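Undergrad: So I've got this file, input-v3.cif, and it contains mmCIF, C-alpha atoms:
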data_my_file
loop_
_atom_site.label_atom_id
_atom_site.label_comp_id
_atom_site.auth_asym_id
_atom_site.auth_seq_id
_atom_site.Cartn_x
_atom_site.Cartn_y
_atom_site.Cartn_z
CA MET A 1 0.00 0.00 0.00
CA ASP A 2 1.11 3.52 -0.61
CA ALA A 3 2.16 5.57 2.33
CA ASP A 4 -0.22 8.18 3.66
CA PRO A 5 0.50 11.60 2.31
CA VAL A 6 2.39 13.82 4.64
CA ASP A 7 0.51 16.90 5.71
CA SER A 8 2.20 19.98 4.52
CA ASP A 9 3.25 22.70 6.87
CA PRO A 10 0.60 25.48 7.13
CA ALA A 11 3.34 28.03 6.83
CA ASP A 12 4.20 26.65 3.40
CA SER A 13 0.71 27.38 2.10
CA ASP A 14 0.62 31.01 3.26
CA PRO A 15 0.79 33.51 0.45
CA ALA A 16 3.92 35.53 0.09
CA PRO A 17 3.90 38.99 1.61
CA GLY A 18 2.77 41.65 -0.78
CA SER A 19 0.97 39.16 -3.02
CA GLY A 20 -2.31 41.08 -2.50
CA THR A 21 -4.34 38.11 -1.29
CA THR A 22 -5.92 37.54 2.11
CA GLU A 23 -3.30 36.70 4.68
CA SER A 24 -5.42 34.63 7.07
CA ALA A 25 -9.05 33.95 7.93
CA GLY A 26 -10.79 36.99 9.37
CA SER A 27 -8.07 39.46 8.36
CA GLY A 28 -8.13 41.76 5.40
CA ARG A 29 -5.74 43.89 3.47
CA PHE A 30 -5.45 46.39 6.29
CA GLY A 31 -5.24 43.87 9.12
CA ARG A 32 -7.64 42.11 11.45
CA PRO A 33 -10.64 44.22 12.65
CA GLY A 34 -10.67 45.10 16.31
CA GLN A 35 -13.34 44.40 18.86
CA PRO A 36 -16.61 46.38 18.58
CA LEU A 37 -16.81 49.51 20.68
CA ARG A 38 -18.67 49.14 23.94
CA LEU A 39 -21.91 51.10 24.23
CA SER A 40 -20.85 53.36 27.01
CA PRO A 41 -23.28 56.00 28.38
CA PHE A 42 -21.07 58.68 26.83
CA LEU A 43 -21.39 57.25 23.31
CA VAL A 44 -25.15 56.76 23.72
CA GLY A 45 -25.59 60.34 24.89
CA LEU A 46 -23.33 61.70 22.16
CA THR A 47 -25.22 59.78 19.48
CA GLY A 48 -28.57 60.98 20.84
CA GLY A 49 -27.35 64.58 20.96
CA LEU A 50 -26.10 64.42 17.39
CA GLY A 51 -29.45 62.98 16.34
CA VAL A 52 -31.29 65.87 18.02
CA LEU A 53 -28.99 68.43 16.36
CA LEU A 54 -29.50 66.77 12.98
CA ALA A 55 -33.28 66.78 13.42
CA TYR A 56 -33.21 70.45 14.41
CA ALA A 57 -31.02 71.30 11.41
CA ILE A 58 -33.48 69.53 9.11
CA PHE A 59 -36.34 71.46 10.72
CA LEU A 60 -34.56 74.79 10.15
CA ALA A 61 -33.80 73.86 6.54
CA VAL A 62 -37.41 72.93 5.84
CA ARG A 63 -38.70 76.07 7.57
CA ASN A 64 -36.34 78.38 5.69
CA ALA A 65 -37.10 76.70 2.38
CA GLY A 66 -40.83 76.45 3.09
CA SER A 67 -41.91 78.88 0.37
CA VAL A 68 -39.80 77.08 -2.25
CA LEU A 69 -41.07 73.68 -1.13
CA VAL A 70 -44.66 74.95 -1.45
CA LEU A 71 -43.98 75.99 -5.05
CA VAL A 72 -42.42 72.60 -5.79
CA PHE A 73 -45.39 70.83 -4.22
CA ILE A 74 -47.90 72.88 -6.25
CA ALA A 75 -45.98 72.20 -9.46
CA LEU A 76 -45.80 68.48 -8.69
CA PHE A 77 -49.52 68.38 -7.91
CA LEU A 78 -50.32 70.15 -11.19
CA ALA A 79 -48.02 67.81 -13.11
CA ILE A 80 -49.75 64.77 -11.62
CA GLY A 81 -53.14 66.26 -12.46
CA LEU A 82 -52.15 67.13 -16.03
CA HIS A 83 -50.36 63.82 -16.68
CA PRO A 84 -53.55 62.05 -17.88
CA ALA A 85 -53.88 64.69 -20.60
CA VAL A 86 -50.29 64.02 -21.68
CA VAL A 87 -51.00 60.27 -21.69
CA ARG A 88 -54.13 60.79 -23.80
CA LEU A 89 -52.25 62.88 -26.36
CA ARG A 90 -49.49 60.28 -26.51
CA SER A 91 -52.10 57.58 -27.15
CA TRP A 92 -53.10 59.60 -30.21
CA GLY A 93 -49.57 59.27 -31.55
CA LEU A 94 -47.92 62.49 -30.39
CA PRO A 95 -44.38 62.29 -28.95
CA ARG A 96 -43.97 63.19 -25.28
CA GLY A 97 -42.37 66.55 -26.09
CA LEU A 98 -45.25 67.65 -28.33
CA ALA A 99 -47.83 66.34 -25.84
CA VAL A 100 -46.24 68.30 -22.99
CA ALA A 101 -46.01 71.39 -25.22
CA ALA A 102 -49.69 71.13 -26.16
CA VAL A 103 -50.81 70.79 -22.54
CA THR A 104 -48.54 73.66 -21.50
CA LEU A 105 -49.83 75.97 -24.23
CA THR A 106 -53.40 75.16 -23.23
CA LEU A 107 -52.61 75.98 -19.60
CA LEU A 108 -50.94 79.26 -20.59
CA ALA A 109 -53.92 80.15 -22.76
CA VAL A 110 -56.28 79.61 -19.83
CA ILE A 111 -54.12 81.76 -17.52
CA THR A 112 -53.80 84.49 -20.16
CA GLY A 113 -57.56 84.50 -20.72
CA ALA A 114 -58.20 84.80 -16.99
CA VAL A 115 -55.76 87.71 -16.67
CA TYR A 116 -57.20 89.41 -19.74
CA ALA A 117 -60.69 89.07 -18.30
CA LEU A 118 -59.82 90.38 -14.83
CA VAL A 119 -57.22 93.12 -15.32
CA PRO A 120 -59.06 95.51 -17.71
CA PRO A 121 -62.19 95.79 -15.50
CA ILE A 122 -60.05 96.43 -12.43
CA VAL A 123 -58.00 99.12 -14.21
CA SER A 124 -61.01 100.81 -15.79
CA GLN A 125 -63.11 100.84 -12.63
CA THR A 126 -60.15 102.13 -10.60
CA GLY A 127 -59.71 104.96 -13.11
CA GLU A 128 -63.43 105.77 -12.93
CA LEU A 129 -63.26 105.88 -9.15
CA ILE A 130 -60.26 108.23 -9.18
CA GLY A 131 -62.00 110.47 -11.71
CA GLN A 132 -65.09 110.73 -9.51
CA VAL A 133 -63.18 111.62 -6.34
CA PRO A 134 -63.51 115.44 -6.90
CA ASP A 135 -67.28 115.05 -7.33
CA TYR A 136 -67.47 113.04 -4.11
CA VAL A 137 -65.50 115.73 -2.26
CA THR A 138 -67.76 118.48 -3.63
CA GLN A 139 -70.89 116.62 -2.55
CA LEU A 140 -69.46 116.10 0.91
CA ARG A 141 -68.59 119.79 1.30
CA ARG A 142 -72.17 120.74 0.41
CA ASN A 143 -73.47 118.59 3.23
CA ASP A 144 -74.01 120.61 6.41
CA THR A 145 -73.64 117.56 8.65
CA VAL A 146 -70.26 116.74 7.17
CA ASN A 147 -69.08 120.34 7.58
CA ASP A 148 -70.14 120.30 11.23
CA LEU A 149 -68.18 117.09 11.78
CA ILE A 150 -65.10 118.59 10.10
CA VAL A 151 -65.23 121.61 12.38
CA GLN A 152 -66.09 119.61 15.52
CA TYR A 153 -63.28 117.06 15.16
CA ASP A 154 -60.80 119.35 13.38
CA LEU A 155 -60.49 116.91 10.49
CA ALA A 156 -58.79 119.47 8.25
CA GLY A 157 -56.02 120.06 10.79
CA ARG A 158 -55.52 116.34 11.25
CA ILE A 159 -55.23 115.83 7.52
CA GLU A 160 -52.62 118.57 7.29
CA SER A 161 -50.65 117.10 10.19
CA ALA A 162 -50.84 113.65 8.61
CA ALA A 163 -49.43 114.98 5.31
CA THR A 164 -45.85 115.06 6.60
CA THR A 165 -42.70 113.91 4.87
CA GLU A 166 -42.41 110.89 7.13
CA ASN A 167 -45.95 109.74 6.40
CA ILE A 168 -45.50 110.31 2.68
CA THR A 169 -42.33 108.21 2.81
CA ARG A 170 -44.23 105.46 4.57
CA ALA A 171 -46.96 105.62 1.95
CA LEU A 172 -44.40 105.33 -0.83
CA GLY A 173 -42.86 102.44 1.03
CA GLY A 174 -46.27 100.82 1.04
CA VAL A 175 -46.58 101.40 -2.69
CA PHE A 176 -43.17 99.88 -3.29
CA GLY A 177 -44.15 97.02 -1.01
CA ALA A 178 -47.24 96.41 -3.11
CA ALA A 179 -45.10 96.48 -6.25
CA GLY A 180 -42.75 93.96 -4.66
CA PHE A 181 -45.71 91.76 -3.76
CA ILE A 182 -46.97 91.83 -7.36
CA PHE A 183 -43.48 91.04 -8.68
CA GLY A 184 -43.14 88.17 -6.20
CA ALA A 185 -46.52 86.78 -7.22
CA VAL A 186 -45.58 86.89 -10.90
CA PHE A 187 -42.23 85.24 -10.13
CA ASN A 188 -43.95 82.46 -8.18
CA ILE A 189 -46.41 81.84 -10.99
CA VAL A 190 -43.61 81.62 -13.57
CA THR A 191 -41.64 79.29 -11.27
CA VAL A 192 -44.63 76.98 -10.83
CA ILE A 193 -45.23 76.89 -14.59
CA VAL A 194 -41.58 76.07 -15.35
CA LEU A 195 -41.45 73.35 -12.68
CA THR A 196 -44.74 71.91 -13.89
CA ILE A 197 -43.38 71.66 -17.43
CA TYR A 198 -40.24 69.94 -16.14
CA PHE A 199 -42.20 67.47 -14.01
CA MET A 200 -44.50 66.62 -16.90
CA ALA A 201 -41.57 66.10 -19.27
CA THR A 202 -39.73 63.80 -16.82
CA PHE A 203 -42.75 62.27 -15.12
CA ASP A 204 -41.99 58.65 -16.00
CA ARG A 205 -38.36 58.91 -14.92
CA LEU A 206 -39.25 60.56 -11.61
CA ARG A 207 -41.90 57.93 -10.94
CA ASP A 208 -39.51 55.06 -11.73
CA LEU A 209 -36.87 56.67 -9.51
CA GLY A 210 -39.33 56.82 -6.63
CA TYR A 211 -40.31 53.18 -7.10
CA GLY A 212 -36.63 52.23 -7.32
CA LEU A 213 -36.13 53.38 -3.72
CA VAL A 214 -38.53 50.66 -2.55
CA PRO A 215 -37.13 47.15 -1.79
CA ALA A 216 -37.45 44.80 -4.75
CA THR A 217 -39.66 42.35 -2.85
CA ARG A 218 -42.34 45.01 -2.40
CA ARG A 219 -41.77 47.10 -5.51
CA ASP A 220 -44.50 45.55 -7.68
CA ARG A 221 -47.21 46.07 -5.07
CA VAL A 222 -46.02 49.61 -4.29
CA ARG A 223 -46.03 50.38 -8.02
CA LEU A 224 -49.64 49.20 -8.39
CA ILE A 225 -50.83 51.20 -5.37
CA GLY A 226 -48.79 54.25 -6.37
CA ASP A 227 -50.12 54.24 -9.93
CA GLU A 228 -53.66 53.99 -8.55
CA ILE A 229 -53.05 57.00 -6.28
CA LEU A 230 -51.62 59.01 -9.18
CA ALA A 231 -54.64 58.07 -11.30
CA LYS A 232 -57.00 59.26 -8.56
CA VAL A 233 -55.18 62.60 -8.30
CA GLY A 234 -55.44 63.06 -12.05
CA ALA A 235 -59.12 62.09 -12.04
CA TYR A 236 -59.77 64.56 -9.23
CA MET A 237 -58.13 67.37 -11.21
CA VAL A 238 -60.22 66.57 -14.27
CA GLY A 239 -63.41 66.43 -12.19
CA ALA A 240 -62.62 69.68 -10.37
CA LEU A 241 -61.89 71.47 -13.64
CA ALA A 242 -65.14 70.17 -15.14
CA ILE A 243 -67.17 71.41 -12.16
CA ALA A 244 -65.40 74.79 -12.23
CA LEU A 245 -66.05 75.11 -15.97
CA LEU A 246 -69.73 74.34 -15.44
CA ALA A 247 -69.93 76.99 -12.69
CA GLY A 248 -68.20 79.56 -14.89
CA VAL A 249 -70.44 78.92 -17.90
CA SER A 250 -73.58 79.07 -15.74
CA THR A 251 -72.45 82.37 -14.19
CA PHE A 252 -71.61 83.81 -17.61
CA VAL A 253 -75.07 83.01 -18.96
CA PHE A 254 -76.76 84.38 -15.83
CA ALA A 255 -74.70 87.59 -15.90
CA ILE A 256 -75.69 88.23 -19.52
CA VAL A 257 -79.37 87.60 -18.75
CA VAL A 258 -79.52 90.00 -15.77
CA GLY A 259 -77.23 92.57 -17.41
CA LEU A 260 -74.20 92.50 -15.09
CA ALA A 261 -71.12 94.37 -16.23
CA TYR A 262 -68.08 92.33 -17.30
CA PRO A 263 -69.84 88.92 -17.40
CA PHE A 264 -66.74 87.07 -18.64
CA ALA A 265 -64.59 88.40 -15.79
CA LEU A 266 -67.25 87.44 -13.24
CA ALA A 267 -67.45 83.96 -14.74
CA VAL A 268 -63.67 83.57 -14.44
CA VAL A 269 -63.83 84.64 -10.78
CA VAL A 270 -66.52 82.06 -10.02
CA ALA A 271 -64.65 79.30 -11.90
CA ILE A 272 -61.40 80.00 -10.03
CA CYS A 273 -63.16 80.15 -6.66
CA ASP A 274 -65.05 76.95 -7.44
CA LEU A 275 -61.74 75.05 -7.63
CA ILE A 276 -61.57 75.36 -3.83
CA PRO A 277 -63.61 72.44 -2.42
CA GLN A 278 -66.71 73.09 -0.32
CA ILE A 279 -66.12 76.81 0.37
CA GLY A 280 -65.01 78.14 -3.01
CA ALA A 281 -68.50 78.25 -4.51
CA THR A 282 -69.73 80.30 -1.55
CA ILE A 283 -66.88 82.80 -1.96
CA GLY A 284 -67.68 83.24 -5.64
CA ALA A 285 -71.38 83.64 -4.88
CA VAL A 286 -70.67 86.38 -2.32
CA VAL A 287 -68.47 88.28 -4.78
CA ILE A 288 -71.02 88.17 -7.61
CA SER A 289 -73.89 89.04 -5.24
CA LEU A 290 -72.00 92.13 -4.05
CA VAL A 291 -71.51 93.18 -7.66
CA GLY A 292 -75.22 92.65 -8.24
CA PHE A 293 -76.22 94.80 -5.24
CA ALA A 294 -73.80 97.47 -6.44
CA THR A 295 -75.73 97.52 -9.71
CA ASP A 296 -79.19 97.66 -8.10
CA VAL A 297 -81.15 95.87 -5.40
CA PRO A 298 -83.30 93.63 -7.68
CA THR A 299 -80.18 92.43 -9.51
CA GLY A 300 -78.50 91.64 -6.20
CA ILE A 301 -81.51 89.67 -5.01
CA ALA A 302 -81.55 87.77 -8.32
CA CYS A 303 -77.85 86.91 -7.83
CA VAL A 304 -78.50 85.57 -4.33
CA VAL A 305 -81.43 83.44 -5.51
CA PHE A 306 -79.49 82.11 -8.50
CA PHE A 307 -76.48 81.03 -6.46
CA LEU A 308 -78.61 79.49 -3.73
CA ILE A 309 -80.29 77.29 -6.33
CA TYR A 310 -77.10 76.57 -8.25
CA GLN A 311 -75.14 75.60 -5.13
CA GLN A 312 -77.82 73.13 -4.12
CA VAL A 313 -77.65 71.55 -7.57
CA GLU A 314 -73.84 71.48 -7.53
CA ASN A 315 -73.45 70.22 -3.95
CA TYR A 316 -76.08 67.47 -4.10
CA LEU A 317 -76.16 66.43 -7.76
CA VAL A 318 -73.06 67.43 -9.74
CA TYR A 319 -70.23 67.33 -7.20
CA PRO A 320 -71.04 63.98 -5.52
CA ARG A 321 -71.50 62.17 -8.84
CA VAL A 322 -68.32 63.53 -10.40
CA MET A 323 -66.14 62.97 -7.35
CA ARG A 324 -67.63 59.57 -6.54
CA ARG A 325 -66.71 58.35 -10.00
CA SER A 326 -63.26 59.94 -10.01
CA VAL A 327 -61.82 59.53 -6.50
CA GLN A 328 -64.50 57.49 -4.66
CA VAL A 329 -64.38 59.55 -1.45
CA ASN A 330 -67.17 59.61 1.09
CA ASP A 331 -69.02 62.95 1.21
CA VAL A 332 -68.51 63.40 4.96
CA ALA A 333 -64.82 62.56 4.62
CA ALA A 334 -64.50 65.08 1.80
CA ILE A 335 -66.07 67.88 3.86
CA VAL A 336 -63.95 67.13 6.94
CA ALA A 337 -60.79 66.88 4.82
CA ALA A 338 -61.49 70.19 3.10
CA LEU A 339 -62.06 71.97 6.42
CA LEU A 340 -58.90 70.49 7.94
CA GLY A 341 -56.93 71.34 4.81
CA VAL A 342 -58.03 74.97 4.94
CA ALA A 343 -57.24 75.21 8.66
CA LEU A 344 -53.77 73.68 8.28
CA PHE A 345 -52.47 74.84 4.91
CA GLY A 346 -54.97 77.38 3.57
CA VAL A 347 -56.12 77.21 -0.04
CA ILE A 348 -53.42 74.68 -0.97
CA GLY A 349 -54.61 72.37 1.78
CA ALA A 350 -58.16 72.59 0.47
CA LEU A 351 -57.03 71.70 -3.04
CA VAL A 352 -55.09 68.58 -2.04
CA ALA A 353 -57.40 67.46 0.77
CA ILE A 354 -59.68 65.20 -1.27
CA PRO A 355 -56.89 63.45 -3.24
CA ALA A 356 -55.05 62.92 0.05
CA VAL A 357 -58.15 61.31 1.57
CA ALA A 358 -58.52 59.09 -1.50
CA ALA A 359 -54.88 57.99 -1.17
CA ILE A 360 -55.27 57.31 2.56
CA GLN A 361 -58.42 55.26 1.94
CA LEU A 362 -56.62 53.20 -0.69
CA VAL A 363 -53.64 52.51 1.60
CA LEU A 364 -55.94 51.57 4.48
CA ARG A 365 -57.99 49.23 2.30
CA GLU A 366 -55.09 47.54 0.54
CA VAL A 367 -52.34 47.55 3.18
CA VAL A 368 -53.43 48.27 6.74
CA LEU A 369 -56.70 46.34 6.95
CA PRO A 370 -55.39 43.11 5.30
CA ARG A 371 -52.38 43.20 7.62
CA GLN A 372 -54.67 43.55 10.62
CA GLN A 373 -56.72 40.57 9.44
CA HIS A 374 -53.65 38.29 9.45
CA ARG A 375 -52.64 39.15 13.02
#
Written as structure tokens, that's how I'd like the structure from this file.

TA:
Amino acid sequence: MDADPVDSDPADSDPAPGSGTTESAGSGRFGRPGQPLRLSPFLVGLTGGLGVLLAYAIFLAVRNAGSVLVLVFIALFLAIGLHPAVVRLRSWGLPRGLAVAAVTLTLLAVITGAVYALVPPIVSQTGELIGQVPDYVTQLRRNDTVNDLIVQYDLAGRIESAATTENITRALGGVFGAAGFIFGAVFNIVTVIVLTIYFMATFDRLRDLGYGLVPATRRDRVRLIGDEILAKVGAYMVGALAIALLAGVSTFVFAIVVGLAYPFALAVVVAICDLIPQIGATIGAVVISLVGFATDVPTGIACVVFFLIYQQVENYLVYPRVMRRSVQVNDVAAIVAALLGVALFGVIGALVAIPAVAAIQLVLREVVLPRQQHR
């Protein structure tokens, strides 16, 4: 029989120094790792303190960038709402670039029409008011009661004392402040439009990037639920625009029938206000009714009656049917969500309240409740 093989010396099998391979089990290129650090109270406290500082830094960053984040959120919401229109145009054979351009031009046309309808009446009526100021002053001076009040309270002296250089400077500062506000509003609108165009153009890539952050084992289910939420947001936008268009057309026809001035501008005001859930229609009705009473009392009464009837039709017939088919949200939940949205985030909160409720309902129905059933 052959002799048993002689075991070789372990030292003979070790790689030569500098060969670049692992020297021994558990050791790497830079040596054997040391023992883990002990969780001393100092390290625990230091880690907790750093976590608190990091959380506070994130809070300050979000607070300081709050206005920018709001613009980004509005643009993203508009892009999600307008995405179904882009998808529809692409289904007709248009490339994505042309579809986004068509939707953008339509949006710009709507904004331009609204501005064209609102600005000329405001400018003309302001000019008429300024031109009638001398007549108002003359009528007041002919009134004996007004003259007695001027003498009794020394209104002329107070006006002269108020017309100082300091007060004039403050007034000019207020004018410049108003100009700055208008410029800021225009800048914000342009920023939202540009961001909306970008989000629509890169919508698929942004959506895939978001889904890519989810673990692969859950990605398919998250994609299905996420696409359903995005579809509900888009359906809500389409339904809200349809309801607002119906309110604007109805107001335009009514304004022509009763003889209100600037019927197209009033219709635009009602349509814009009607985009705000639950309370927007009331705001538009109050504005138009005030214009009607400024015309004459019978016209004002006709405006009140018209909007009382129209709001009942919209609230109990049009709105529930459209929203039930688009987002499938309970009426009570929609009202509560709109009120909470207005209280927390103002008009923006009211706009996103119903899609948020639809998304929460979907997550509860598809994720939370089935998980609770298996416990």

Undergrad: For the file shown, what are the residues hit by the PyMOL selection byres ((chain A and resi 279) around 12), laid out as a PyMOL selection string?

TA: chain A and resi 270+272-278+280-286+311+315+334-336+338-339+341-342+346-347+350-351

Undergrad: Within 9 Å of (-56.8, 61.3, -13.0) in the file's own coordinates, which protein, DNA or RNA residues have an atom, counting only C-alpha atoms? List them as a PyMOL selection string.

TA: chain A and resi 80-85+229-239+326-327

Undergrad: Find the axis-aligned box for region 110-126 of chain A, covering all its listed atoms and adding 8 Å on each side, and write its centre and edge lengths in Å to one decimal as AutoDock Vina command-line options.

TA:
--center_x -58.5 --center_y 90.9 --center_z -15.7 --size_x 25.3 --size_y 38.5 --size_z 26.1

Undergrad: Give me, please, the distance in Å between CA of Arg207 (chain A) and CA of Arg219 (chain A), quoted to one decimal.

TA: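 Between CA of Arg207 (chain A) and CA of Arg219 (chain A) the gap works out to 12.1 Å.
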
Undergrad: Which residue is closest to Thr251 (chain A)? Choose from A:Ile288, A:Ala302, A:Leu224, A:Val72 and count only C-alpha atoms.

TA: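 So, comparing all the options, the nearest one is A:Ile288.
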
Undergrad: Rank A:Ile58, A:Leu362, A:Ala65, A:Val322 by their smallest atom-to-atom distance to Ile225 (chain A), using only C-alpha atoms, and report the top residue only.

TA: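 Nearest to Ile225 (chain A): A:Leu362.
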
Undergrad: Taking the file as shown, find all residues satisfying the PyMOL selection byres ((chain A and resi 259) around 12) and write them as a list of chain:residue names.

TA: A:Thr251, A:Phe252, A:Val253, A:Phe254, A:Ala255, A:Ile256, A:Val257, A:Val258, A:Leu260, A:Ala261, A:Tyr262, A:Pro263, A:Phe264, A:Leu266, A:Val291, A:Gly292, A:Thr295, A:Asp296, A:Pro298, A:Thr299, A:Gly300, A:Ala302, A:Cys303

Undergrad: Between CA of Arg371 (chain A) and CA of Val222 (chain A), measure the distance and give it in Å to one decimal.

TA: 14.9 Å

Undergrad: For Val190 (chain A), which residue among A:Leu108, A:Ala117, A:Thr145, A:Arg205 is the nearest when counting all atoms listed in the file?

TA: A:Leu108

Undergrad: Go ahead and compute the interatomic distance for CA of Leu317 (chain A) and CA of Gln361 (chain A), in Å to one decimal.

TA: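 Taking CA of Leu317 (chain A) as the start and CA of Gln361 (chain A) as the end point, the length is 23.1 Å.
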
Undergrad: Measuring atom to atom with all atoms listed in the file, identify which of A:Ala79, A:Leu54, A:Ile243, A:Ala359 is nearest to Leu206 (chain A).

TA: A:Ala79

Undergrad: Given the choices A:Ala271, A:Arg38, A:Gly184, A:Ala55, which gets closest to Ser67 (chain A) if the distance is worked out from all atoms listed in the file?

TA: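 Comparing A:Ala271, A:Arg38, A:Gly184, A:Ala55 against Ser67 (chain A), the winner is A:Gly184.
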
Undergrad: Using the structure just given, write a file holding all heavy atoms for region 367-374 of chain A, as a CSV table (one decimal), in the first residue's frame.

TA:
chain,number,residue,atom,x,y,z
A,367,VAL,N,-53.5,47.9,2.4
A,367,VAL,CA,-52.3,47.5,3.2
A,367,VAL,C,-52.7,47.3,4.6
A,367,VAL,O,-52.4,46.3,5.2
A,367,VAL,CB,-51.3,48.7,3.0
A,367,VAL,CG1,-50.0,48.3,3.9
A,367,VAL,CG2,-50.9,48.8,1.6
A,368,VAL,N,-53.3,48.3,5.3
A,368,VAL,CA,-53.4,48.3,6.7
A,368,VAL,C,-54.5,47.2,7.1
A,368,VAL,O,-54.2,46.4,8.0
A,368,VAL,CB,-53.8,49.7,7.3
A,368,VAL,CG1,-54.0,49.6,8.8
A,368,VAL,CG2,-52.7,50.7,7.0
A,369,LEU,N,-55.6,47.3,6.6
A,369,LEU,CA,-56.7,46.3,6.9
A,369,LEU,C,-56.3,44.9,6.7
A,369,LEU,O,-56.6,44.0,7.5
A,369,LEU,CB,-58.0,46.7,6.3
A,369,LEU,CG,-58.6,48.1,6.7
A,369,LEU,CD1,-59.9,48.3,5.9
A,369,LEU,CD2,-58.8,48.1,8.2
A,370,PRO,N,-55.8,44.5,5.5
A,370,PRO,CA,-55.4,43.1,5.3
A,370,PRO,C,-54.3,42.7,6.3
A,370,PRO,O,-54.3,41.5,6.7
A,370,PRO,CB,-54.9,43.1,3.9
A,370,PRO,CG,-55.6,44.2,3.2
A,370,PRO,CD,-55.7,45.3,4.2
A,371,ARG,N,-53.4,43.6,6.6
A,371,ARG,CA,-52.4,43.2,7.6
A,371,ARG,C,-53.0,42.9,9.0
A,371,ARG,O,-52.6,42.0,9.7
A,371,ARG,CB,-51.3,44.3,7.7
A,371,ARG,CG,-50.2,44.0,8.6
A,371,ARG,CD,-49.1,45.1,8.6
A,371,ARG,NE,-48.6,45.2,7.2
A,371,ARG,CZ,-47.7,46.2,6.9
A,371,ARG,NH1,-47.3,47.1,7.8
A,371,ARG,NH2,-47.2,46.2,5.7
A,372,GLN,N,-54.0,43.7,9.3
A,372,GLN,CA,-54.7,43.6,10.6
A,372,GLN,C,-55.4,42.2,10.6
A,372,GLN,O,-55.6,41.6,11.7
A,372,GLN,CB,-55.6,44.7,10.9
A,372,GLN,CG,-54.9,46.1,11.1
A,372,GLN,CD,-54.0,46.0,12.3
A,372,GLN,OE1,-52.8,46.1,12.2
A,372,GLN,NE2,-54.6,46.0,13.5
A,373,GLN,N,-56.0,41.8,9.5
A,373,GLN,CA,-56.7,40.6,9.4
A,373,GLN,C,-55.8,39.3,9.6
A,373,GLN,O,-56.3,38.3,10.1
A,373,GLN,CB,-57.4,40.4,8.1
A,373,GLN,CG,-58.5,41.5,7.9
A,373,GLN,CD,-59.7,41.2,8.8
A,373,GLN,OE1,-60.0,40.1,9.3
A,373,GLN,NE2,-60.4,42.3,9.1
A,374,HIS,N,-54.6,39.4,9.3
A,374,HIS,CA,-53.6,38.3,9.5
A,374,HIS,C,-53.0,38.2,10.8
A,374,HIS,O,-52.1,37.4,11.1
A,374,HIS,CB,-52.6,38.3,8.4
A,374,HIS,CG,-53.1,38.0,7.0
A,374,HIS,ND1,-53.7,39.0,6.2
A,374,HIS,CD2,-53.2,36.9,6.3
A,374,HIS,CE1,-54.1,38.4,5.1
A,374,HIS,NE2,-53.8,37.1,5.1
